[in-house]
Amino acid sequence: MTSQTLRDARRYEEAMAQNITDQERPEFHLSPRVGWMNDPNGFSYYKDKFHLYYQYYPYDSQWGPMHWGHVVSDDLLHWEYLPSAIAPDMPYDYVGCFSGSAIELPDGKQLFMYTGVRKEAQPDGGVRDIQTQCLATGDGMDYEKDPRNPILTVEDMPENSSPFDFRDPKMWKCEDGSYRCVTVNDRADGTGGRILLYRSEDGYNWKFESVMLSNDGNFGKMWECPDFFSLDGKDVVLVSPQDMLPKDFEYHNGDGTLCLIGKFDETTKTFIPESDQAVDYGIDFYAMQTVEAPDGRRIMIGWMQNWDTCSNNRIPKGKWFGQMSIPRELSIKDDRLIQKPVREIENLRTDKVEYKNVIFENDLKLDGVSGRCVDLELTLRPGDTEDIYKKFAVRFAQNEQYHTAVSFRPYESVLKIDRKFSGSRRAIIHQRRSKVNSRNGEIKLRLILDRYSAEIFVNDGEHVLTATIYTDIEADGISFFADGKVEMDVTRYELKK
């Protein structure tokens, strides 16, 4: 039975969404129906459609008691809004229905597992949020919370576990028909996050199996939003660590992203990492979640924001806040996670403009190369066989006053995204850099630009840098700069739904 809290949210979002025009949203990145969006949840394929749920507060463009928003799609780019799926309406989740996942059961129902949050008085006189795992089942539109909730509590965790940081379950179905789930949990003394592994025969009754992986202070402190899957003969853990310290050009301060590639040991029920890397090297990407598509592709999507800057970035008029990244196809090459925009984006391409072997230095503009919803492919080479150029930059969302830039210095092999001239008046994060692969100044860049974002794919997905931008939409110029001679191939498409 639908609660009054959920009915109110559904009525509100239906009414208020009519006040947001298509032109006020991104062209092809998902934004909330109204209000606030953060982590992707329940990314799944169910009843012949992709379903994506998301952390959602419909009543304001700032974070509030979490609901689950709901969209469906045939192609991962055209999203249809459906009514909110669940709301914080029970004693065990009235503070919020936090992140979780979804699977299909043998009876055709869809099962959610999510983190329910409530408040509880503590012996020291304070009040803390208590996090437990909860279930709901439904038909792709309406969901009923399980009367046994919460189904995983502090009693289902290993010793030295925090009841305050126990969240974000990700479920999957095993080949033998059973189910497994990973959650994240902090130690009771706050010394570091870890991933807990659970098993169920029916999806409803879960038992603790192991501490699958411990942080031990190597990557930040508490971990969030775990994912686990096999890909190209390897096992992969994705997780979003909080409070990271920088490590060369690989990891940055604050809340980041982490990919661990290795092997799961079925005997010990532990994951053995063999390599690690950041998932995204830009400013705004967090809490990624994946799904296996019907054609076998592993598709990932992430929240295109970060917690250290989101309180200062606002879409004009404050009608909505938060976006999801473009869905990305994942693969592994040479023990490295490779990410490419989903191939369906090529169906949005129109108005092709192409230039080959353009040799230039200093500033350059090319006829037909502009726009805020653009797929821009660049291949760079030195324009002088005697001397490699010192710097290259492409500037976009540009007018006489503002621009955002991606620059590359071949001698350092460092790529930087920089939005400090995009119109922001706040002292927030505006630059991030990544060490990339290049040979004698040769590099490939693909820029996916939408009205309020840029995603830069380097060398066919070896690195990705993501950033949100809020420059006026009328600023649609694109220009190039070279310190030294650069030879460049350019292919530009307009992207339209």
# chains A, B, ... in the order shown; residues from 1 in each chain; ligands from 1
>>> residues_around(residues="segment 377-379 of chain A", least_positions_apart="3", cutoff="8 Å", atoms="only C-alpha atoms", output="PyMOL selection string")
chain A and resi 442-447+488-492
>>> residues_around(residues="Tyr59 of chain A", least_positions_apart="4", cutoff="12 Å", atoms="only C-alpha atoms", output="number ranges by chain")
A: 8-17, 32-37, 63-67, 318-321
>>> residues_around(residues="segment 216-221 of chain A", least_positions_apart="2", cutoff="9 Å", atoms="only C-alpha atoms", output="MDAnalysis selection string")
chainID A and resid 186 190:194 214 223 241:245 251 253:256 258
>>> residues_around(residues="His51 of chain A", least_positions_apart="2", cutoff="7 Å", atoms="only C-alpha atoms", output="PyMOL selection string")
chain A and resi 43-46+49+53+71-73
>>> select_by_dssp(residues="segment 16-253 of chain A", states="strand (DSSP E or B)", output="ChimeraX atom specification")
/A:35-46,49-57,67-73,79-86,96-104,110-121,127-138,143-145,152,161-173,179-187,193-200,206-214,223-231,234-241,244,247,251
>>> closest_residue(among="A:Leu337, A:Cys97, A:Ala188, A:Ala475", to="Ser275 of chain A", atoms="only C-alpha atoms")
A:Leu337
